[in-house]
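Written below as structure tokens is the structure these notes are about.
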There are 2 protein chains.
Amino acid sequence: MTVASSGLILKEMLNHSDLDTAFRALSDASRRAIVERLVRGPATVGTLAEPLAMSLPAVLQHLAVLEAAGIVTSHKVGRVRTCTLVPDALVGPTAWLQHQRTPAERRLDRLGEHLVDAPQEQP
Amino acid sequence: MTVASSGLILKEMLNHSDLDTAFRALSDASRRAIVERLVRGPATVGTLAEPLAMSLPAVLQHLAVLEAAGIVTSHKVGRVRTCTLVPDALVGPTAWLQHQRTPAERRLDRLGEHLVDAPQEQP
């Protein structure tokens, strides 16, 4: 991949209306809980609904918002609908937020990662 | 800072209602444009309004949303109101999004940073 084409892809990811929809989809704790569960792998609607204190129609409404935002996809086999996180669906919002960090914050990020990744043998 | 206290701080940053408000505030392209400008430093309402194709009351309404979300603060001297980005205001949403990345994605992130940071003398 050339630098030019990766720049185009980043520009595409930062598309305004896509970011609007993605950030709005993430502005609800129940929808974020669904995303947190799906990061670990696909799950049925029943599994996703279990920890949420709400009716099944309410869960389906949240899933519809996440599907419309291109964050979640689902397919039905028989009576069971299984939901999956769309790969790279959160790359746009993440990239936008990372771009808003000041140079000083970026340096601190790298220091933090270095400390976390430092091998045990170093004192 | 101990690991326990930094864990508490992270938990505080990921407070549900704060995240709701922050993500909702960022779900509008004009408000994101204001944040993008303020990352470079404080600016007057007039400066912020200039590139936005909307009335001053509309700009003030967007600023009110960003202030309510704790992302922007402002102070008035005479007739001029100056806006500033609240330090660390975007850390909560950024941290939440970074937590949702799969292990494979995290490895790719580190590879990308390595490639960007690699010194010039390496072939």
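If you're wondering about the labels, chains in the structure tokens are A, B, ... by order shown, residues count from 1 in each chain, ligands from 1 in order shown.
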
Could you list, with a cut-off of 12 Å and counting only C-alpha atoms, the residues of chain B near chain A, each shown with its nearest atom pair and the distance in Å rounded to one decimal, rows sorted by chain and ascending number, as a Markdown table?
| residue | atom | partner | partner_atom | distance |
| --- | --- | --- | --- | --- |
| B:Val3 | CA | A:Val116 | CA | 11.6 |
| B:Leu14 | CA | A:Ala29 | CA | 10.4 |
| B:Asn15 | CA | A:Ala29 | CA | 9.5 |
| B:His16 | CA | A:Ala29 | CA | 5.9 |
| B:Ser17 | CA | A:Ala29 | CA | 7.6 |
| B:Asp18 | CA | A:Ser27 | CA | 9.4 |
| B:Leu19 | CA | A:Ser27 | CA | 6.7 |
| B:Asp20 | CA | A:Ser27 | CA | 4.1 |
| B:Thr21 | CA | A:Ser27 | CA | 6.7 |
| B:Ala22 | CA | A:Ser27 | CA | 7.4 |
| B:Phe23 | CA | A:Ser27 | CA | 4.8 |
| B:Arg24 | CA | A:Ser27 | CA | 5.2 |
| B:Ala25 | CA | A:Phe23 | CA | 8.4 |
| B:Leu26 | CA | A:Phe23 | CA | 6.3 |
| B:Ser27 | CA | A:Asp20 | CA | 4.1 |
| B:Asp28 | CA | A:Asp20 | CA | 5.4 |
| B:Ala29 | CA | A:His16 | CA | 5.9 |
| B:Ser30 | CA | A:His16 | CA | 9.5 |
| B:Arg31 | CA | A:Asp20 | CA | 10.3 |
| B:Arg32 | CA | A:Trp96 | CA | 9.1 |
| B:Ala33 | CA | A:His16 | CA | 10.1 |
| B:Ile34 | CA | A:Gln100 | CA | 11.0 |
| B:Val35 | CA | A:Gln100 | CA | 7.6 |
| B:Glu36 | CA | A:Gln100 | CA | 6.3 |
| B:Arg37 | CA | A:Gln100 | CA | 9.3 |
| B:Leu38 | CA | A:Gln100 | CA | 9.1 |
| B:Val39 | CA | A:Gln100 | CA | 6.1 |
| B:Arg40 | CA | A:Thr102 | CA | 7.6 |
| B:Gly41 | CA | A:Thr102 | CA | 9.5 |
| B:Ala69 | CA | A:Ser27 | CA | 11.8 |
| B:Ile71 | CA | A:Gln100 | CA | 11.9 |
| B:Leu85 | CA | A:Gln100 | CA | 10.4 |
| B:Val86 | CA | A:Arg101 | CA | 11.8 |
| B:Pro87 | CA | A:Thr102 | CA | 9.8 |
| B:Asp88 | CA | A:Glu105 | CA | 8.8 |
| B:Ala89 | CA | A:Arg101 | CA | 10.2 |
| B:Leu90 | CA | A:Leu97 | CA | 7.2 |
| B:Val91 | CA | A:Leu97 | CA | 8.8 |
| B:Gly92 | CA | A:Leu97 | CA | 10.4 |
| B:Pro93 | CA | A:Leu97 | CA | 7.9 |
| B:Thr94 | CA | A:Leu97 | CA | 6.0 |
| B:Ala95 | CA | A:Thr94 | CA | 9.2 |
| B:Trp96 | CA | A:Arg32 | CA | 9.1 |
| B:Leu97 | CA | A:Thr94 | CA | 6.0 |
| B:Gln98 | CA | A:Thr94 | CA | 7.1 |
| B:His99 | CA | A:Glu36 | CA | 8.5 |
| B:Gln100 | CA | A:Val39 | CA | 6.1 |
| B:Arg101 | CA | A:Val39 | CA | 7.1 |
| B:Thr102 | CA | A:Val39 | CA | 6.3 |
| B:Pro103 | CA | A:Val39 | CA | 9.7 |
| B:Ala104 | CA | A:Pro87 | CA | 11.3 |
| B:Glu105 | CA | A:Asp88 | CA | 8.8 |
| B:Arg106 | CA | A:Glu113 | CA | 11.3 |
| B:Arg107 | CA | A:Asp117 | CA | 11.6 |
| B:Asp109 | CA | A:Val91 | CA | 11.0 |
| B:Arg110 | CA | A:Glu113 | CA | 9.0 |
| B:Glu113 | CA | A:Arg110 | CA | 8.9 |
| B:His114 | CA | A:Arg110 | CA | 10.5 |
| B:Val116 | CA | A:Val3 | CA | 12.0 |
| B:Asp117 | CA | A:Arg110 | CA | 10.2 |

Please return as number ranges by chain: the residues of segment 41-112 of chain B that backbone DSSP assigns to strand (DSSP E).
B: 43-44, 72-77, 80-85

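Shortest atom-to-atom contact with Gly46 of chain B among B:Leu60, B:Leu111, B:Leu66, B:Val72: B:Leu60, counting only C-alpha atoms.
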
What is the distance between atom CA of Ala64 of chain A and atom CA of Thr47 of chain A, in Å to one decimal?
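Distance reported for this atom pair: 16.2 Å.
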
Mind giving me the straight-line distance from atom CA of Ala68 of chain A to atom CA of Val65 of chain B in Å, one decimal?
24.4 Å

Suppose you want the space between atom CA of Met54 of chain B and atom CA of His75 of chain B; what is it in Å?
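Separation of atom CA of Met54 of chain B and atom CA of His75 of chain B: 22.1 Å.
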